[in-house]
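Q: Next comes the structure file model_2.pdb, holding PDB, C-alpha atoms, pLDDT in the B column.
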ATOM      1  CA  MET A   1     234.614  11.187 -28.989  1.00 54.00           C
ATOM      2  CA  LYS A   2     230.858  10.875 -28.398  1.00 58.00           C
ATOM      3  CA  LEU A   3     230.294  14.205 -30.140  1.00 57.00           C
ATOM      4  CA  SER A   4     232.140  13.127 -33.260  1.00 71.00           C
ATOM      5  CA  ARG A   5     230.107   9.859 -33.486  1.00 72.00           C
ATOM      6  CA  TYR A   6     226.875  11.843 -33.309  1.00 72.00           C
ATOM      7  CA  GLY A   7     228.197  14.302 -35.831  1.00 70.00           C
ATOM      8  CA  LEU A   8     229.112  11.469 -38.185  1.00 71.00           C
ATOM      9  CA  ALA A   9     225.709   9.846 -37.685  1.00 72.00           C
ATOM     10  CA  VAL A  10     223.878  13.112 -38.427  1.00 71.00           C
ATOM     11  CA  ALA A  11     226.065  13.763 -41.467  1.00 73.00           C
ATOM     12  CA  GLY A  12     225.397  10.239 -42.748  1.00 71.00           C
ATOM     13  CA  LEU A  13     221.669  10.684 -42.218  1.00 67.00           C
ATOM     14  CA  LEU A  14     221.689  14.000 -44.088  1.00 68.00           C
ATOM     15  CA  LEU A  15     223.597  12.463 -46.983  1.00 70.00           C
ATOM     16  CA  ALA A  16     221.117   9.590 -47.190  1.00 69.00           C
ATOM     17  CA  LEU A  17     218.147  11.979 -47.164  1.00 67.00           C
ATOM     18  CA  ASN A  18     219.752  14.131 -49.844  1.00 70.00           C
ATOM     19  CA  ALA A  19     220.363  11.106 -52.048  1.00 64.00           C
ATOM     20  CA  GLN A  20     216.789   9.954 -51.584  1.00 65.00           C
ATOM     21  CA  ALA A  21     215.461  13.437 -52.448  1.00 59.00           C
ATOM     22  CA  SER A  22     217.592  13.534 -55.604  1.00 58.00           C
ATOM     23  CA  GLU A  23     216.314  10.141 -56.651  1.00 56.00           C
ATOM     24  CA  TYR A  24     212.689  11.207 -55.989  1.00 55.00           C
ATOM     25  CA  SER A  25     213.009  14.342 -58.078  1.00 54.00           C
ATOM     26  CA  LYS A  26     214.408  12.333 -60.998  1.00 57.00           C
ATOM     27  CA  SER A  27     211.597   9.782 -60.945  1.00 58.00           C
ATOM     28  CA  PHE A  28     208.718  12.297 -60.508  1.00 59.00           C
ATOM     29  CA  ASN A  29     208.478  14.885 -63.229  1.00 64.00           C
ATOM     30  CA  ASN A  30     205.048  16.568 -63.328  1.00 62.00           C
ATOM     31  CA  THR A  31     204.450  18.164 -66.710  1.00 65.00           C
ATOM     32  CA  ASN A  32     200.708  18.663 -66.245  1.00 66.00           C
ATOM     33  CA  TYR A  33     200.283  22.175 -64.894  1.00 64.00           C
ATOM     34  CA  ALA A  34     196.881  23.693 -64.269  1.00 63.00           C
ATOM     35  CA  LEU A  35     197.926  27.055 -65.703  1.00 62.00           C
ATOM     36  CA  ASP A  36     199.333  25.732 -68.995  1.00 61.00           C
ATOM     37  CA  ASP A  37     196.024  26.353 -70.801  1.00 67.00           C
ATOM     38  CA  VAL A  38     195.595  29.898 -69.499  1.00 71.00           C
ATOM     39  CA  GLN A  39     196.240  32.363 -72.276  1.00 77.00           C
ATOM     40  CA  PRO A  40     196.673  36.110 -71.829  1.00 83.00           C
ATOM     41  CA  TRP A  41     193.415  38.007 -72.257  1.00 78.00           C
ATOM     42  CA  ALA A  42     192.643  39.136 -75.772  1.00 82.00           C
ATOM     43  CA  GLU A  43     189.761  41.298 -76.859  1.00 87.00           C
ATOM     44  CA  GLY A  44     187.153  39.683 -79.081  1.00 87.00           C
ATOM     45  CA  LYS A  45     185.757  41.165 -82.261  1.00 90.00           C
ATOM     46  CA  PHE A  46     183.237  43.954 -81.820  1.00 90.00           C
ATOM     47  CA  SER A  47     181.295  46.193 -84.187  1.00 92.00           C
ATOM     48  CA  ILE A  48     179.996  49.553 -83.086  1.00 94.00           C
ATOM     49  CA  PRO A  49     176.183  49.374 -82.938  1.00 93.00           C
ATOM     50  CA  ASP A  50     173.915  51.659 -84.930  1.00 94.00           C
ATOM     51  CA  TYR A  51     173.233  55.063 -83.460  1.00 95.00           C
ATOM     52  CA  PRO A  52     170.235  54.539 -81.141  1.00 93.00           C
ATOM     53  CA  ALA A  53     166.919  55.445 -82.775  1.00 91.00           C
ATOM     54  CA  ALA A  54     164.643  54.243 -79.975  1.00 92.00           C
ATOM     55  CA  PRO A  55     166.872  53.436 -76.979  1.00 94.00           C
ATOM     56  CA  ASP A  56     165.687  51.957 -73.691  1.00 95.00           C
ATOM     57  CA  TRP A  57     167.630  54.049 -71.182  1.00 95.00           C
ATOM     58  CA  VAL A  58     168.241  52.512 -67.760  1.00 95.00           C
ATOM     59  CA  GLY A  59     169.402  55.092 -65.255  1.00 93.00           C
ATOM     60  CA  PHE A  60     172.040  54.365 -62.653  1.00 93.00           C
ATOM     61  CA  TYR A  61     173.000  56.387 -59.632  1.00 92.00           C
ATOM     62  CA  VAL A  62     176.570  57.642 -59.412  1.00 92.00           C
ATOM     63  CA  GLY A  63     176.474  59.646 -56.209  1.00 88.00           C
ATOM     64  CA  PRO A  64     175.092  62.698 -54.442  1.00 89.00           C
ATOM     65  CA  GLU A  65     178.029  64.918 -55.369  1.00 88.00           C
ATOM     66  CA  VAL A  66     177.491  64.394 -59.116  1.00 90.00           C
ATOM     67  CA  ALA A  67     175.008  66.692 -60.878  1.00 93.00           C
ATOM     68  CA  ASN A  68     174.929  64.767 -64.178  1.00 95.00           C
ATOM     69  CA  LYS A  69     172.507  61.900 -64.783  1.00 95.00           C
ATOM     70  CA  TYR A  70     173.793  58.615 -66.215  1.00 95.00           C
ATOM     71  CA  PHE A  71     171.995  56.052 -68.383  1.00 96.00           C
ATOM     72  CA  ALA A  72     172.831  52.869 -70.264  1.00 96.00           C
ATOM     73  CA  ASP A  73     170.890  51.631 -73.284  1.00 96.00           C
ATOM     74  CA  SER A  74     169.572  48.175 -72.434  1.00 95.00           C
ATOM     75  CA  LYS A  75     168.898  47.399 -76.121  1.00 95.00           C
ATOM     76  CA  SER A  76     172.537  47.844 -77.119  1.00 94.00           C
ATOM     77  CA  MET A  77     174.083  46.101 -74.092  1.00 96.00           C
ATOM     78  CA  THR A  78     176.105  42.986 -74.927  1.00 96.00           C
ATOM     79  CA  VAL A  79     178.380  40.608 -73.041  1.00 96.00           C
ATOM     80  CA  GLY A  80     181.152  39.214 -75.210  1.00 93.00           C
ATOM     81  CA  GLU A  81     182.873  35.865 -74.903  1.00 91.00           C
ATOM     82  CA  ASP A  82     185.951  37.910 -73.991  1.00 92.00           C
ATOM     83  CA  GLY A  83     184.242  38.968 -70.731  1.00 92.00           C
ATOM     84  CA  VAL A  84     183.606  42.549 -71.842  1.00 95.00           C
ATOM     85  CA  ILE A  85     180.312  44.301 -71.222  1.00 96.00           C
ATOM     86  CA  ARG A  86     179.653  46.741 -74.057  1.00 97.00           C
ATOM     87  CA  LEU A  87     176.983  49.417 -73.937  1.00 97.00           C
ATOM     88  CA  ILE A  88     175.916  52.850 -75.038  1.00 97.00           C
ATOM     89  CA  LEU A  89     176.399  55.319 -72.216  1.00 97.00           C
ATOM     90  CA  ARG A  90     174.416  58.543 -72.003  1.00 97.00           C
ATOM     91  CA  VAL A  91     175.462  61.421 -69.748  1.00 96.00           C
ATOM     92  CA  GLN A  92     172.958  64.228 -69.297  1.00 96.00           C
ATOM     93  CA  SER A  93     173.934  67.543 -67.722  1.00 96.00           C
ATOM     94  CA  PRO A  94     171.550  69.541 -65.505  1.00 96.00           C
ATOM     95  CA  SER A  95     170.980  71.941 -68.436  1.00 96.00           C
ATOM     96  CA  GLY A  96     169.863  69.039 -70.671  1.00 93.00           C
ATOM     97  CA  ALA A  97     172.979  68.617 -72.825  1.00 94.00           C
ATOM     98  CA  GLU A  98     173.711  64.984 -73.671  1.00 94.00           C
ATOM     99  CA  ASN A  99     176.817  63.032 -74.521  1.00 96.00           C
ATOM    100  CA  LEU A 100     176.670  59.502 -75.906  1.00 97.00           C
ATOM    101  CA  SER A 101     179.518  57.031 -76.094  1.00 97.00           C
ATOM    102  CA  VAL A 102     180.024  53.353 -76.825  1.00 97.00           C
ATOM    103  CA  GLU A 103     181.899  51.862 -73.878  1.00 96.00           C
ATOM    104  CA  GLY A 104     183.395  48.528 -72.934  1.00 96.00           C
ATOM    105  CA  ILE A 105     184.091  47.395 -69.372  1.00 97.00           C
ATOM    106  CA  GLN A 106     186.382  44.455 -68.697  1.00 95.00           C
ATOM    107  CA  CYS A 107     185.281  43.161 -65.293  1.00 93.00           C
ATOM    108  CA  ALA A 108     188.233  41.059 -64.189  1.00 91.00           C
ATOM    109  CA  GLU A 109     190.897  43.698 -64.767  1.00 93.00           C
ATOM    110  CA  GLY A 110     188.804  46.769 -63.939  1.00 95.00           C
ATOM    111  CA  THR A 111     189.576  48.407 -67.263  1.00 96.00           C
ATOM    112  CA  TYR A 112     187.472  50.246 -69.816  1.00 97.00           C
ATOM    113  CA  ARG A 113     187.619  51.380 -73.386  1.00 96.00           C
ATOM    114  CA  SER A 114     185.683  54.065 -75.232  1.00 96.00           C
ATOM    115  CA  TYR A 115     184.974  52.818 -78.761  1.00 96.00           C
ATOM    116  CA  ALA A 116     183.098  55.804 -80.155  1.00 97.00           C
ATOM    117  CA  PHE A 117     181.432  59.094 -79.297  1.00 97.00           C
ATOM    118  CA  GLY A 118     178.048  60.309 -80.489  1.00 96.00           C
ATOM    119  CA  ASP A 119     177.434  63.083 -82.967  1.00 95.00           C
ATOM    120  CA  SER A 120     173.849  63.978 -82.024  1.00 90.00           C
ATOM    121  CA  ILE A 121     173.361  66.373 -84.963  1.00 92.00           C
ATOM    122  CA  ASN A 122     174.213  63.864 -87.693  1.00 95.00           C
ATOM    123  CA  LYS A 123     173.114  60.806 -85.644  1.00 95.00           C
ATOM    124  CA  ARG A 124     176.358  58.946 -86.143  1.00 96.00           C
ATOM    125  CA  TRP A 125     179.353  57.624 -84.205  1.00 97.00           C
ATOM    126  CA  ILE A 126     182.850  59.073 -84.329  1.00 96.00           C
ATOM    127  CA  GLU A 127     185.382  56.386 -83.541  1.00 95.00           C
ATOM    128  CA  SER A 128     187.710  56.994 -80.626  1.00 94.00           C
ATOM    129  CA  MET A 129     191.317  57.783 -81.444  1.00 94.00           C
ATOM    130  CA  ARG A 130     192.429  55.873 -78.309  1.00 88.00           C
ATOM    131  CA  ALA A 131     192.025  52.171 -78.809  1.00 83.00           C
ATOM    132  CA  ASP A 132     193.759  51.159 -75.597  1.00 92.00           C
ATOM    133  CA  TRP A 133     192.241  49.712 -72.451  1.00 95.00           C
ATOM    134  CA  ARG A 134     192.669  51.951 -69.410  1.00 96.00           C
ATOM    135  CA  LYS A 135     192.353  51.287 -65.707  1.00 97.00           C
ATOM    136  CA  ILE A 136     189.155  52.700 -64.197  1.00 96.00           C
ATOM    137  CA  ALA A 137     190.389  55.581 -62.072  1.00 95.00           C
ATOM    138  CA  TYR A 138     189.132  56.187 -58.563  1.00 92.00           C
ATOM    139  CA  ASP A 139     187.570  59.513 -59.531  1.00 92.00           C
ATOM    140  CA  ASP A 140     185.830  58.035 -62.626  1.00 94.00           C
ATOM    141  CA  LYS A 141     182.592  57.575 -60.715  1.00 93.00           C
ATOM    142  CA  ALA A 142     180.396  56.559 -63.662  1.00 94.00           C
ATOM    143  CA  ARG A 143     182.567  53.692 -64.891  1.00 95.00           C
ATOM    144  CA  ARG A 144     183.408  52.627 -61.365  1.00 95.00           C
ATOM    145  CA  THR A 145     179.677  52.462 -60.567  1.00 94.00           C
ATOM    146  CA  LEU A 146     178.976  50.489 -63.746  1.00 95.00           C
ATOM    147  CA  ARG A 147     181.656  47.982 -62.803  1.00 95.00           C
ATOM    148  CA  GLU A 148     180.305  47.673 -59.256  1.00 94.00           C
ATOM    149  CA  ASP A 149     176.746  47.202 -60.523  1.00 95.00           C
ATOM    150  CA  LEU A 150     177.457  44.852 -63.438  1.00 95.00           C
ATOM    151  CA  CYS A 151     180.514  42.836 -62.380  1.00 94.00           C
ATOM    152  CA  VAL A 152     179.561  40.594 -59.481  1.00 91.00           C
ATOM    153  CA  GLU A 153     182.823  39.598 -57.773  1.00 92.00           C
ATOM    154  CA  LYS A 154     184.757  41.039 -60.743  1.00 91.00           C
ATOM    155  CA  THR A 155     183.063  38.598 -63.122  1.00 93.00           C
ATOM    156  CA  ALA A 156     181.070  39.557 -66.201  1.00 94.00           C
ATOM    157  CA  PRO A 157     177.424  38.485 -66.321  1.00 95.00           C
ATOM    158  CA  LYS A 158     176.609  35.471 -68.482  1.00 95.00           C
ATOM    159  CA  SER A 159     174.309  37.384 -70.838  1.00 95.00           C
ATOM    160  CA  ALA A 160     173.083  40.831 -71.779  1.00 95.00           C
ATOM    161  CA  GLU A 161     169.733  40.038 -70.137  1.00 96.00           C
ATOM    162  CA  GLN A 162     171.485  39.306 -66.848  1.00 96.00           C
ATOM    163  CA  ALA A 163     173.510  42.525 -67.175  1.00 95.00           C
ATOM    164  CA  VAL A 164     170.327  44.567 -67.662  1.00 95.00           C
ATOM    165  CA  LYS A 165     168.728  42.883 -64.624  1.00 95.00           C
ATOM    166  CA  LEU A 166     171.799  43.686 -62.524  1.00 95.00           C
ATOM    167  CA  LEU A 167     171.734  47.313 -63.617  1.00 94.00           C
ATOM    168  CA  ARG A 168     167.993  47.650 -62.922  1.00 93.00           C
ATOM    169  CA  ALA A 169     168.437  46.036 -59.481  1.00 92.00           C
ATOM    170  CA  ALA A 170     171.457  48.151 -58.509  1.00 89.00           C
ATOM    171  CA  PRO A 171     171.011  50.132 -55.297  1.00 81.00           C
ATOM    172  CA  TRP A 172     170.581  53.878 -55.412  1.00 71.00           C
ATOM    173  CA  ARG A 173     173.412  54.511 -52.984  1.00 50.00           C
TER     174      ARG A 173
END
What is this structure when it is put down as structure tokens?
A:
Amino acid sequence: MKLSRYGLAVAGLLLALNAQASEYSKSFNNTNYALDDVQPWAEGKFSIPDYPAAPDWVGFYVGPEVANKYFADSKSMTVGEDGVIRLILRVQSPSGAENLSVEGIQCAEGTYRSYAFGDSINKRWIESMRADWRKIAYDDKARRTLREDLCVEKTAPKSAEQAVKLLRAAPWR
């Protein structure tokens, strides 16, 4: 008999708590969410810069196992409101051959896009056929290094000047 009284008391208490919780949820309806204003990332407008006539190449170190030398043009470097660092990348082989490309690095997502490739004979850009953003692969040492050097805590610098300072101050690992 004692057990059934306690059981009834506990059941009554649970019913009262449930009713109170139902009443609380009806009276409190929070419609102000912090993430309501967060929109999915969208790329801003960008025009491919002129082919560099007098670039200011800033070298960056990719690693001891890489024979090529890598440079970014500090004059063409921009940081968009969309959080993308855009720059002209120069890759020079040990024999002296050069490849130029216009690149964008999105810091937060760790993605990149190649906008155009250089035609050094005609001094012009050839637009990339792939307009999609791609994840920076582990073995893509140049872009991975650029992201490490330019994106402090996966955040784009505030200005192109700050980006150039970060690149110049990057360690030669």
Q: Evaluate the PyMOL selection byres ((chain A and resi 48-51) around 12) and record the selected residues as a PDB file with C-alpha atoms, in the coordinates of the input, following the chain and residue labels used in the document.
A:
ATOM      1  CA  LYS A  45     185.757  41.165 -82.261  1.00 90.00           C
ATOM      2  CA  PHE A  46     183.237  43.954 -81.820  1.00 90.00           C
ATOM      3  CA  SER A  47     181.295  46.193 -84.187  1.00 92.00           C
ATOM      4  CA  PRO A  52     170.235  54.539 -81.141  1.00 93.00           C
ATOM      5  CA  ALA A  53     166.919  55.445 -82.775  1.00 91.00           C
ATOM      6  CA  ALA A  54     164.643  54.243 -79.975  1.00 92.00           C
ATOM      7  CA  PRO A  55     166.872  53.436 -76.979  1.00 94.00           C
ATOM      8  CA  ASP A  73     170.890  51.631 -73.284  1.00 96.00           C
ATOM      9  CA  LYS A  75     168.898  47.399 -76.121  1.00 95.00           C
ATOM     10  CA  SER A  76     172.537  47.844 -77.119  1.00 94.00           C
ATOM     11  CA  MET A  77     174.083  46.101 -74.092  1.00 96.00           C
ATOM     12  CA  THR A  78     176.105  42.986 -74.927  1.00 96.00           C
ATOM     13  CA  ARG A  86     179.653  46.741 -74.057  1.00 97.00           C
ATOM     14  CA  LEU A  87     176.983  49.417 -73.937  1.00 97.00           C
ATOM     15  CA  ILE A  88     175.916  52.850 -75.038  1.00 97.00           C
ATOM     16  CA  LEU A  89     176.399  55.319 -72.216  1.00 97.00           C
ATOM     17  CA  LEU A 100     176.670  59.502 -75.906  1.00 97.00           C
ATOM     18  CA  SER A 101     179.518  57.031 -76.094  1.00 97.00           C
ATOM     19  CA  VAL A 102     180.024  53.353 -76.825  1.00 97.00           C
ATOM     20  CA  GLU A 103     181.899  51.862 -73.878  1.00 96.00           C
ATOM     21  CA  GLY A 104     183.395  48.528 -72.934  1.00 96.00           C
ATOM     22  CA  SER A 114     185.683  54.065 -75.232  1.00 96.00           C
ATOM     23  CA  TYR A 115     184.974  52.818 -78.761  1.00 96.00           C
ATOM     24  CA  ALA A 116     183.098  55.804 -80.155  1.00 97.00           C
ATOM     25  CA  PHE A 117     181.432  59.094 -79.297  1.00 97.00           C
ATOM     26  CA  GLY A 118     178.048  60.309 -80.489  1.00 96.00           C
ATOM     27  CA  ASP A 119     177.434  63.083 -82.967  1.00 95.00           C
ATOM     28  CA  SER A 120     173.849  63.978 -82.024  1.00 90.00           C
ATOM     29  CA  ILE A 121     173.361  66.373 -84.963  1.00 92.00           C
ATOM     30  CA  ASN A 122     174.213  63.864 -87.693  1.00 95.00           C
ATOM     31  CA  LYS A 123     173.114  60.806 -85.644  1.00 95.00           C
ATOM     32  CA  ARG A 124     176.358  58.946 -86.143  1.00 96.00           C
ATOM     33  CA  TRP A 125     179.353  57.624 -84.205  1.00 97.00           C
ATOM     34  CA  ILE A 126     182.850  59.073 -84.329  1.00 96.00           C
ATOM     35  CA  GLU A 127     185.382  56.386 -83.541  1.00 95.00           C
ATOM     36  CA  SER A 128     187.710  56.994 -80.626  1.00 94.00           C
TER      37      SER A 128
END
Q: Run the PyMOL selection byres ((chain A and resi 71) around 7) against the file shown and list the residues it catches, as a list in words.
A: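 Listing what the PyMOL selection byres ((chain A and resi 71) around 7) selects in the shown file: Trp57, Val58, Gly59, Phe60, Lys69, Tyr70, Ala72, Asp73, Leu89, Arg90 and Val91 of chain A.
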Q: Need to verify the contact set: Arg144 (chain A), 12 Å, all atoms listed in the file, exclusion of same-chain residues closer than 2 positions in sequence. Can you return it as a ChimeraX atom specification?
A: /A:60-63,105-107,110-112,135-142,146-151,154
Q: Once you add 3 Å to each side, what are the centre and edge lengths of the axis-aligned box holding all listed atoms of region 119-133 of chain A? One decimal in Å, as AutoDock Vina command-line options, if you can.
A:
--center_x 183.4 --center_y 58.0 --center_z -80.1 --size_x 26.6 --size_y 22.7 --size_z 21.2
Q: With only C-alpha atoms as the atoms that count, which of A:Val84, A:Ala163, A:Val66, A:Val10 lies nearest to Glu43 (chain A)?
A: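 Among A:Val84, A:Ala163, A:Val66, A:Val10, it is A:Val84 that comes nearest to Glu43 (chain A).
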Q: How many Å lie between CA of Asn99 (chain A) and CA of Asp56 (chain A), rounded to one decimal?
A: 15.7 Å
Q: Since I can't run it myself right now, could you work out what the PyMOL selection byres ((chain A and resi 132) around 9) selects here and report it as a ChimeraX atom specification?
A: /A:112-114,130-131,133-134
Q: Could you save the residues just selected, with C-alpha atoms, as a short mmCIF file (atom, residue, chain, number, x, y, z; two decimals), in the coordinates of the input?
A:
data_model
loop_
_atom_site.label_atom_id
_atom_site.label_comp_id
_atom_site.auth_asym_id
_atom_site.auth_seq_id
_atom_site.Cartn_x
_atom_site.Cartn_y
_atom_site.Cartn_z
CA TYR A 112 187.47 50.25 -69.82
CA ARG A 113 187.62 51.38 -73.39
CA SER A 114 185.68 54.06 -75.23
CA ARG A 130 192.43 55.87 -78.31
CA ALA A 131 192.02 52.17 -78.81
CA TRP A 133 192.24 49.71 -72.45
CA ARG A 134 192.67 51.95 -69.41
#
Q: In Å to one decimal, how far is CA of Val152 (chain A) from CA of Ala169 (chain A)?
A: 12.4 Å
